[in-house]
Every structure is written in C-alpha cells, then in structure tokens.
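See below for the structure under consideration.
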Amino acid sequence: MTRKILKAALLQETDRGSRDANLDAIEAGLREAAKAGAELVLLQELHNGPYFCQHESVDLFELAESIPGPGTARIGKLAEELKLVVVASLFEKRAPGLYHNTAVVFDRSAAIAGKYRKMHIPDDPAFYEKFYFTPGDLGFEPIQTSVGKLGVLVCWDQWYPEAARLMALAGAELLLYPTAIGWDPNDTQDEKDRQREAWVTVQRGHAVANGLPLLACNRTGHEADPSGTGAGIRFWGTSFVAGPQGEFLAQAGTDQRELLLAEIDMQRSEHVRRIWPFLRDRRIDAYGDLLRRFRD
C-alpha cells in the first residue's frame, strides 16, 4: 500500500497578554511551521486571548468577534501566503446575545473553508463556559480540505466518544481538537497526574475506536483568575498526535511554548480498519438507548 505522508504542526502557546501579541506569536509559529515543511497547522482553543471563562462577567463578551472578521482575516491571509491548512479557534459573536466557541478552517487560502461550533459546553469550577457560549448547531460534519476531510471538534468534545464516532461515520480522515485544559494549582500531584493521563487516554481511545489519526493542541502556562476568587489554571500543555492504533507520533512537554511536528501516514487508517473492523461489527440495531439521557 502506497504511503501518503502528511506533515502536521501543533502550535502550543502561552497567553502573551494581549490580542495583538497572541496573533504576532501565531504568525511567527505559522511561519516556523511552513519553513519546517508542515502542510497542516492546528492552533489551541481561543488562542487570541486568555482563557477568560474562569469567572462570569458580561464585560468579557467584548472579546468576541464576527466570523468572518479581523481575526479570520489575519490568519486567512497567512494561510494563503504560506500555503497552509490552518485550524483556528475563536470566540464568535453571531448576533447580539448569541455567542459560540468556534473553530475555523482555512485551506491554503484567505477564504474560510468551513467552521465547527463547539457542541458540548462545560460548566465546571474555573471553566464556566455555559455563561458565554451557546451550544453549536452545525452538527458533526467534517470539513473538506486539500489534505483530507478534517473532523474538527473542540476541547470538552474530546470526552465524548459519540462526537468522534459521528465525525468518523461522516468520513473524517483526521480528528482534531483545539484545547484549553489544565490543573487547579492547589491539586495534589497525584490528582494532577490522573487528570492529565485521563485526558490523553480518552483521546487515544477515540483514535483506536475509529481507526483515525488524532491531533490535540493545548495551551500552556499559568493564567490567574481575574476575579481573584480562585487559584487560576495551570494549563498542562502535552499537545500530541496519535496514530490510528493510538500510538504516539509526537508529544509536547507540559510547561513551555512548543511547535510540535509530526508525520502522519494517511494510508494507515485503511490498513488498521481492515485488521480491526470495528465499524463493520457495530450493532446499530441495539444502540437505541444511546439517545436517552440515562436508562433508569
């Protein structure tokens, strides 16, 4: 079987303190990725600013922008200049009072190739996203690009096997997750390790269960709680690329900015699905209870 190699890059970044500084860092990272021969670049969740969902404030809706808008214009211009497929992540203002956490894909062009609105919205301590984001309404539809059909999901979606499965059933050739996840600095080291390993493990499981490569790009660094009531979040980095059997193709560190590069054999999914035909053996006649909240 002929190998078709895709060189991908994940830009694991810290918050640089302002929108312009973050976009400058992204531009430098995209240029570095292009120079290294990457064709596809995945950015982290909500990369234009801090992870602002640690507390609830109506003033923070001012961070949102329209799509298309100034953020997509700058990244799209770079995608076209550098001939890159780029997966970006923005706080979308769709209409007054209607906001989404939205991933935007560019295919070597300033034009938007497609977008995905985050479907699963958390509401946990320091992750108060339900205050800010309306759940997505675009479904689980892969986005066609010159490097393949991208199954783009966002952060909290990564805990749900249903999301990855629906992307796979719709023909996705890669699963991609822009992410912002980290520890409470006051947690014990054991608890920190359990949380980070669970995050890695569940996504490797999605790769295995669907026979697809998977890319997860997280942010890194400590971000204080602006309200002063919490300890902030220490984002744990650990961005990674896994192959269709869950094998690590590349993995970043936990505590610094990093451009992670990986070579992905796009033909391996076909081979893996032949020896592990999980899609063939699904009992779709027996899964009706999955549409229920809980089986009492």
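Ligands are numbered from 1 in the order shown, chains are lettered A, B, ... in the order of the structure tokens, and residues start at 1 in each chain.
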
Practice item. Among the residues of region 33-198 of chain A, find those DSSP assigns to alpha helix (DSSP H) from the backbone and print them as an MDAnalysis selection string. Key: chainID A and resid 33:35 70:82 161:169 189:198

With N, CA, C and O atoms retained, could you export that selection as a compact mmCIF listing (two decimals), in the first residue's frame?
# COMPACT_ATOMS: atom_id res chain seq x y z
N ALA A 33 6.33 26.86 11.14
CA ALA A 33 5.76 25.59 10.67
C ALA A 33 5.94 25.44 9.17
O ALA A 33 6.30 24.36 8.68
N ALA A 34 5.65 26.50 8.42
CA ALA A 34 5.81 26.43 6.97
C ALA A 34 7.25 26.18 6.58
O ALA A 34 7.54 25.38 5.67
N LYS A 35 8.17 26.84 7.27
CA LYS A 35 9.60 26.65 6.99
C LYS A 35 10.02 25.21 7.25
O LYS A 35 10.90 24.66 6.56
N PRO A 70 -11.86 40.45 11.80
CA PRO A 70 -10.43 40.80 11.80
C PRO A 70 -9.52 39.63 12.14
O PRO A 70 -8.42 39.51 11.58
N GLY A 71 -9.95 38.75 13.05
CA GLY A 71 -9.11 37.60 13.40
C GLY A 71 -8.98 36.62 12.25
O GLY A 71 -7.88 36.16 11.93
N THR A 72 -10.10 36.32 11.61
CA THR A 72 -10.03 35.39 10.48
C THR A 72 -9.29 36.01 9.31
O THR A 72 -8.61 35.31 8.56
N ALA A 73 -9.39 37.34 9.15
CA ALA A 73 -8.69 37.99 8.05
C ALA A 73 -7.19 37.84 8.18
O ALA A 73 -6.49 37.52 7.20
N ARG A 74 -6.65 38.04 9.39
CA ARG A 74 -5.20 37.95 9.55
C ARG A 74 -4.71 36.51 9.38
O ARG A 74 -3.72 36.26 8.70
N ILE A 75 -5.39 35.56 10.00
CA ILE A 75 -4.95 34.17 9.90
C ILE A 75 -5.16 33.64 8.48
O ILE A 75 -4.32 32.92 7.93
N GLY A 76 -6.27 34.03 7.86
CA GLY A 76 -6.51 33.60 6.49
C GLY A 76 -5.46 34.13 5.52
O GLY A 76 -5.03 33.41 4.61
N LYS A 77 -5.06 35.37 5.71
CA LYS A 77 -4.01 35.95 4.86
C LYS A 77 -2.72 35.15 4.98
O LYS A 77 -2.04 34.88 3.99
N LEU A 78 -2.38 34.72 6.20
CA LEU A 78 -1.17 33.93 6.41
C LEU A 78 -1.32 32.54 5.80
O LEU A 78 -0.37 32.00 5.23
N ALA A 79 -2.52 31.94 5.95
CA ALA A 79 -2.74 30.62 5.34
C ALA A 79 -2.52 30.67 3.84
O ALA A 79 -1.94 29.75 3.25
N GLU A 80 -2.97 31.76 3.22
CA GLU A 80 -2.81 31.90 1.77
C GLU A 80 -1.34 32.16 1.40
O GLU A 80 -0.81 31.53 0.48
N GLU A 81 -0.71 33.05 2.13
CA GLU A 81 0.69 33.36 1.83
C GLU A 81 1.60 32.16 2.00
O GLU A 81 2.47 31.89 1.16
N LEU A 82 1.40 31.40 3.09
CA LEU A 82 2.29 30.30 3.43
C LEU A 82 1.82 28.96 2.87
O LEU A 82 2.48 27.94 3.07
N PRO A 161 -17.17 10.01 23.22
CA PRO A 161 -16.89 9.11 22.09
C PRO A 161 -17.90 9.28 20.96
O PRO A 161 -17.58 9.03 19.80
N GLU A 162 -19.12 9.74 21.30
CA GLU A 162 -20.14 9.90 20.26
C GLU A 162 -19.70 10.94 19.23
O GLU A 162 -19.96 10.78 18.03
N ALA A 163 -19.07 12.01 19.67
CA ALA A 163 -18.65 13.07 18.75
C ALA A 163 -17.61 12.55 17.77
O ALA A 163 -17.70 12.77 16.55
N ALA A 164 -16.60 11.86 18.29
CA ALA A 164 -15.57 11.31 17.41
C ALA A 164 -16.17 10.28 16.46
O ALA A 164 -15.83 10.25 15.26
N ARG A 165 -17.07 9.44 16.95
CA ARG A 165 -17.68 8.41 16.11
C ARG A 165 -18.49 9.04 14.97
O ARG A 165 -18.41 8.60 13.82
N LEU A 166 -19.28 10.07 15.29
CA LEU A 166 -20.09 10.70 14.25
C LEU A 166 -19.22 11.36 13.19
O LEU A 166 -19.55 11.34 12.00
N MET A 167 -18.11 11.95 13.61
CA MET A 167 -17.19 12.51 12.62
C MET A 167 -16.61 11.39 11.74
O MET A 167 -16.53 11.54 10.51
N ALA A 168 -16.25 10.28 12.36
CA ALA A 168 -15.70 9.16 11.59
C ALA A 168 -16.75 8.62 10.61
O ALA A 168 -16.44 8.35 9.44
N LEU A 169 -17.99 8.47 11.07
CA LEU A 169 -19.04 7.94 10.20
C LEU A 169 -19.35 8.89 9.04
O LEU A 169 -19.84 8.45 7.99
N GLN A 189 -0.23 16.37 43.44
CA GLN A 189 0.43 15.90 42.23
C GLN A 189 -0.24 14.64 41.69
O GLN A 189 -0.35 14.47 40.48
N ASP A 190 -0.69 13.76 42.59
CA ASP A 190 -1.39 12.56 42.13
C ASP A 190 -2.65 12.91 41.34
O ASP A 190 -2.93 12.31 40.30
N GLU A 191 -3.42 13.88 41.84
CA GLU A 191 -4.63 14.29 41.15
C GLU A 191 -4.30 14.93 39.80
O GLU A 191 -4.98 14.68 38.79
N LYS A 192 -3.27 15.75 39.78
CA LYS A 192 -2.84 16.36 38.52
C LYS A 192 -2.48 15.28 37.49
O LYS A 192 -2.88 15.35 36.33
N ASP A 193 -1.72 14.30 37.94
CA ASP A 193 -1.30 13.23 37.02
C ASP A 193 -2.49 12.43 36.51
O ASP A 193 -2.56 12.07 35.33
N ARG A 194 -3.45 12.14 37.41
CA ARG A 194 -4.63 11.37 36.99
C ARG A 194 -5.43 12.13 35.94
O ARG A 194 -5.88 11.55 34.94
N GLN A 195 -5.61 13.43 36.15
CA GLN A 195 -6.40 14.22 35.20
C GLN A 195 -5.73 14.28 33.84
O GLN A 195 -6.37 14.09 32.80
N ARG A 196 -4.44 14.56 33.82
CA ARG A 196 -3.74 14.68 32.54
C ARG A 196 -3.70 13.35 31.80
O ARG A 196 -3.91 13.29 30.58
N GLU A 197 -3.45 12.26 32.52
CA GLU A 197 -3.41 10.95 31.88
C GLU A 197 -4.79 10.54 31.36
O GLU A 197 -4.90 9.91 30.30
N ALA A 198 -5.83 10.91 32.09
CA ALA A 198 -7.19 10.60 31.61
C ALA A 198 -7.47 11.35 30.30
O ALA A 198 -8.06 10.79 29.36

Practice item. Looking only at strand (DSSP E or B) from DSSP on the backbone, list the matching residues of region 119-284 of chain A as a ChimeraX atom specification. Key: /A:123-124,127-128,143-145,148-152,174-178,182-183,214-217,220-223,233-236,240-242,248-251,258-265

Write out the residues from the selection above, keeping N, CA and C atoms, as a compact mmCIF listing (two decimals), in the first residue's frame.
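Result file selection_35.txt:
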# COMPACT_ATOMS: atom_id res chain seq x y z
N ASP A 123 -19.53 23.41 32.39
CA ASP A 123 -19.79 24.39 33.44
C ASP A 123 -19.23 23.81 34.73
N ASP A 124 -17.92 23.87 34.86
CA ASP A 124 -17.19 23.34 36.00
C ASP A 124 -16.46 24.47 36.69
N PHE A 127 -14.18 26.73 34.72
CA PHE A 127 -14.50 26.51 33.29
C PHE A 127 -15.99 26.82 33.08
N TYR A 128 -16.36 28.09 33.29
CA TYR A 128 -17.77 28.49 33.28
C TYR A 128 -18.20 28.87 31.86
N ILE A 143 -14.79 18.81 7.51
CA ILE A 143 -14.53 19.92 6.60
C ILE A 143 -13.52 19.46 5.55
N GLN A 144 -13.90 19.55 4.30
CA GLN A 144 -13.04 19.11 3.20
C GLN A 144 -11.91 20.12 2.97
N THR A 145 -10.67 19.61 2.92
CA THR A 145 -9.51 20.44 2.62
C THR A 145 -8.60 19.69 1.66
N GLY A 148 -7.23 16.50 3.23
CA GLY A 148 -8.19 15.49 3.66
C GLY A 148 -9.38 16.09 4.35
N LYS A 149 -10.31 15.23 4.76
CA LYS A 149 -11.52 15.67 5.46
C LYS A 149 -11.22 15.74 6.95
N LEU A 150 -11.33 16.94 7.51
CA LEU A 150 -10.95 17.20 8.89
C LEU A 150 -12.16 17.09 9.82
N GLY A 151 -12.09 16.19 10.78
CA GLY A 151 -13.11 16.08 11.81
C GLY A 151 -12.74 16.99 12.98
N VAL A 152 -13.11 18.26 12.86
CA VAL A 152 -12.72 19.27 13.85
C VAL A 152 -13.73 19.29 14.99
N LEU A 174 -9.12 12.69 9.73
CA LEU A 174 -8.34 13.09 10.89
C LEU A 174 -9.31 13.64 11.93
N LEU A 175 -9.01 13.43 13.22
CA LEU A 175 -9.73 14.08 14.31
C LEU A 175 -8.82 15.15 14.91
N LEU A 176 -9.35 16.36 15.09
CA LEU A 176 -8.54 17.47 15.58
C LEU A 176 -9.27 18.19 16.70
N TYR A 177 -8.53 18.51 17.77
CA TYR A 177 -9.12 19.13 18.96
C TYR A 177 -8.31 20.33 19.43
N PRO A 178 -8.69 21.56 19.05
CA PRO A 178 -8.14 22.73 19.76
C PRO A 178 -8.61 22.67 21.22
N GLY A 182 -6.39 22.39 31.99
CA GLY A 182 -5.28 22.39 32.94
C GLY A 182 -5.72 22.05 34.34
N TRP A 183 -4.77 22.19 35.24
CA TRP A 183 -4.97 21.84 36.64
C TRP A 183 -5.34 23.05 37.48
N LEU A 214 -5.22 11.35 15.29
CA LEU A 214 -5.85 12.35 16.15
C LEU A 214 -4.80 13.37 16.58
N LEU A 215 -5.18 14.65 16.53
CA LEU A 215 -4.30 15.75 16.93
C LEU A 215 -5.01 16.57 18.00
N ALA A 216 -4.33 16.81 19.13
CA ALA A 216 -4.88 17.62 20.22
C ALA A 216 -3.87 18.69 20.58
N CYS A 217 -4.27 19.96 20.45
CA CYS A 217 -3.36 21.08 20.73
C CYS A 217 -3.88 21.86 21.93
N THR A 220 -0.51 26.29 27.28
CA THR A 220 0.36 26.01 28.41
C THR A 220 0.55 27.29 29.22
N GLY A 221 1.10 27.15 30.42
CA GLY A 221 1.34 28.30 31.28
C GLY A 221 0.25 28.50 32.30
N HIS A 222 0.54 29.33 33.32
CA HIS A 222 -0.43 29.65 34.37
C HIS A 222 -1.18 30.92 33.99
N GLU A 223 -2.52 30.87 34.13
CA GLU A 223 -3.35 32.05 33.93
C GLU A 223 -4.15 32.30 35.19
N ILE A 233 -5.57 28.70 36.62
CA ILE A 233 -5.40 27.41 35.95
C ILE A 233 -3.96 27.30 35.46
N ARG A 234 -3.34 26.17 35.71
CA ARG A 234 -2.05 25.84 35.14
C ARG A 234 -2.31 24.91 33.96
N PHE A 235 -2.31 25.46 32.76
CA PHE A 235 -2.57 24.65 31.58
C PHE A 235 -1.43 23.68 31.36
N TRP A 236 -1.78 22.41 31.10
CA TRP A 236 -0.75 21.36 31.17
C TRP A 236 -0.11 21.01 29.83
N PHE A 240 -0.43 16.56 21.54
CA PHE A 240 0.09 15.32 20.98
C PHE A 240 -0.60 14.95 19.68
N VAL A 241 0.05 14.05 18.96
CA VAL A 241 -0.50 13.44 17.76
C VAL A 241 -0.45 11.93 17.96
N ALA A 242 -1.58 11.26 17.73
CA ALA A 242 -1.65 9.80 17.84
C ALA A 242 -2.04 9.22 16.49
N PHE A 248 1.65 7.03 19.93
CA PHE A 248 2.13 8.40 19.90
C PHE A 248 3.02 8.62 18.68
N LEU A 249 2.70 9.64 17.91
CA LEU A 249 3.57 10.06 16.82
C LEU A 249 4.42 11.26 17.23
N ALA A 250 3.90 12.04 18.17
CA ALA A 250 4.65 13.17 18.72
C ALA A 250 3.92 13.65 19.97
N GLN A 251 4.68 14.19 20.94
CA GLN A 251 4.07 14.70 22.16
C GLN A 251 4.92 15.85 22.70
N GLU A 258 5.77 25.45 22.33
CA GLU A 258 6.43 24.45 21.50
C GLU A 258 5.70 24.31 20.17
N LEU A 259 6.48 24.20 19.11
CA LEU A 259 5.94 23.84 17.80
C LEU A 259 6.19 22.35 17.63
N LEU A 260 5.12 21.58 17.73
CA LEU A 260 5.22 20.12 17.67
C LEU A 260 4.98 19.67 16.24
N LEU A 261 5.91 18.92 15.69
CA LEU A 261 5.81 18.43 14.31
C LEU A 261 5.63 16.93 14.31
N ALA A 262 4.83 16.45 13.37
CA ALA A 262 4.60 15.00 13.25
C ALA A 262 4.35 14.65 11.80
N GLU A 263 4.79 13.47 11.42
CA GLU A 263 4.49 12.93 10.10
C GLU A 263 3.42 11.85 10.25
N ILE A 264 2.32 12.03 9.52
CA ILE A 264 1.16 11.14 9.62
C ILE A 264 1.01 10.39 8.31
N ASP A 265 1.00 9.06 8.39
CA ASP A 265 0.76 8.22 7.22
C ASP A 265 -0.75 8.13 7.01

Review point. At what distance in Å, to one decimal, does CA of Ala172 (chain A) lie from CA of Met266 (chain A)?
Key: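 So the answer is 11.6 Å.
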
Practice item. Considering only C-alpha atoms, return as a list in words whatever protein or nucleic-acid residues lie within 8 Å of Ala38 (chain A), sequence-local ones (same chain, fewer than 6 positions apart) excluded. Key: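 The contact residues come out as Leu6, Lys7, Ala8, Ala9, Leu84 and Leu261 of chain A.
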
Exercise for review: Considering only C-alpha atoms, state which residue in the set A:Gly232, A:Gly211, A:Gly171, A:Gly139 is at the smallest distance from Pro277 (chain A).
Suggested key: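 Result for the nearest residue to Pro277 (chain A): A:Gly211.
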
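Ranking A:Ala95, A:Ala170, A:Ile26, A:Ile121 by their shortest atom-to-atom distance to Thr134 (chain A), with only C-alpha atoms included, puts A:Ile121 first.
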
Revision key, fill the gap. Here CA of Arg293 (chain A) and CA of Glu141 (chain A) stand apart by 22.9 Å

**Study point:** Distance of CA of Val86 (chain A) from CA of Phe106 (chain A), expressed in Å to one decimal place
**Key:** 5.2 Å

Could you name the residues that touch Thr229 (chain A) at 12 Å or less, counting only C-alpha atoms, but leaving out those on the same chain fewer than 2 positions away, as a compact mmCIF listing (two decimals) with all heavy atoms, in the first residue's frame?
# COMPACT_ATOMS: atom_id res chain seq x y z
N GLN A 54 -12.81 31.57 33.39
CA GLN A 54 -12.60 31.24 34.81
C GLN A 54 -13.62 31.92 35.71
O GLN A 54 -13.80 31.51 36.86
CB GLN A 54 -11.19 31.64 35.25
CG GLN A 54 -10.09 30.83 34.58
CD GLN A 54 -8.76 31.03 35.26
OE1 GLN A 54 -8.63 30.84 36.47
NE2 GLN A 54 -7.74 31.42 34.51
N HIS A 55 -14.26 32.98 35.23
CA HIS A 55 -15.31 33.63 36.01
C HIS A 55 -16.33 34.21 35.03
O HIS A 55 -16.12 34.20 33.82
CB HIS A 55 -14.74 34.72 36.92
CG HIS A 55 -14.25 35.94 36.19
ND1 HIS A 55 -14.62 37.21 36.51
CD2 HIS A 55 -13.41 36.07 35.13
CE1 HIS A 55 -14.03 38.08 35.70
NE2 HIS A 55 -13.29 37.40 34.85
N GLU A 56 -17.45 34.68 35.55
CA GLU A 56 -18.53 35.18 34.73
C GLU A 56 -18.56 36.71 34.78
O GLU A 56 -18.68 37.29 35.86
CB GLU A 56 -19.87 34.60 35.20
CG GLU A 56 -19.94 33.09 35.08
CD GLU A 56 -21.27 32.52 35.55
OE1 GLU A 56 -22.12 33.30 36.04
OE2 GLU A 56 -21.46 31.29 35.44
N PRO A 125 -16.00 24.28 37.93
CA PRO A 125 -15.19 25.31 38.58
C PRO A 125 -14.02 25.75 37.69
O PRO A 125 -13.25 24.93 37.21
CB PRO A 125 -14.68 24.62 39.85
CG PRO A 125 -15.75 23.62 40.16
CD PRO A 125 -16.23 23.12 38.81
N ALA A 126 -13.96 27.05 37.42
CA ALA A 126 -12.93 27.69 36.58
C ALA A 126 -13.14 27.47 35.09
O ALA A 126 -12.36 27.97 34.28
CB ALA A 126 -11.52 27.28 36.99
N ALA A 224 -3.98 33.49 35.77
CA ALA A 224 -4.65 33.84 37.02
C ALA A 224 -6.14 33.99 36.81
O ALA A 224 -6.61 34.31 35.71
CB ALA A 224 -4.06 35.13 37.57
N ASP A 225 -6.90 33.78 37.88
CA ASP A 225 -8.34 34.04 37.87
C ASP A 225 -8.53 35.55 38.04
O ASP A 225 -8.19 36.11 39.09
CB ASP A 225 -8.99 33.29 39.03
CG ASP A 225 -10.49 33.55 39.13
OD1 ASP A 225 -11.01 34.39 38.37
OD2 ASP A 225 -11.14 32.92 39.99
N PRO A 226 -9.05 36.24 37.02
CA PRO A 226 -9.19 37.71 37.12
C PRO A 226 -10.07 38.16 38.28
O PRO A 226 -9.93 39.28 38.76
CB PRO A 226 -9.82 38.10 35.77
CG PRO A 226 -9.47 36.98 34.85
CD PRO A 226 -9.47 35.74 35.71
N SER A 227 -10.99 37.30 38.72
CA SER A 227 -11.87 37.68 39.82
C SER A 227 -11.16 37.62 41.17
O SER A 227 -11.65 38.16 42.16
CB SER A 227 -13.10 36.77 39.86
OG SER A 227 -12.75 35.46 40.31
N ALA A 231 -7.58 29.98 42.27
CA ALA A 231 -6.12 29.89 42.17
C ALA A 231 -5.62 30.00 40.74
O ALA A 231 -4.42 29.91 40.49
CB ALA A 231 -5.65 28.57 42.78
N GLY A 232 -6.56 30.17 39.78
CA GLY A 232 -6.17 30.20 38.39
C GLY A 232 -6.06 28.79 37.83
O GLY A 232 -6.41 27.80 38.48

Exercise for review: With a distance cut-off of 9 Å and only C-alpha atoms, select the neighbouring residues of Pro50 (chain A), excluding the residue or stretch itself and same-chain residues fewer than 5 positions from it, and output the selection as an MDAnalysis selection string.
Suggested key: chainID A and resid 14:19 223

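Distances to Leu138 (chain A) were evaluated for A:Thr102, A:Pro122, A:Leu40, A:Glu173 using only C-alpha atoms, and the minimum falls at A:Thr102.
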
Check your understanding: For Arg219 (chain A), which of A:Glu39, A:Glu45, A:Asp157, A:Asp107 is the closest residue, counting only C-alpha atoms?
Key ->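 Distance minimum relative to Arg219 (chain A) lands on A:Glu45.
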
Check your understanding: If you count only C-alpha atoms, which residues fall within 9 Å of Trp156 (chain A), apart from same-chain ones fewer than 2 positions away, as a VMD selection string?
Key -> chain A and resid 118 to 122 153 to 154 158 to 160 179 to 181
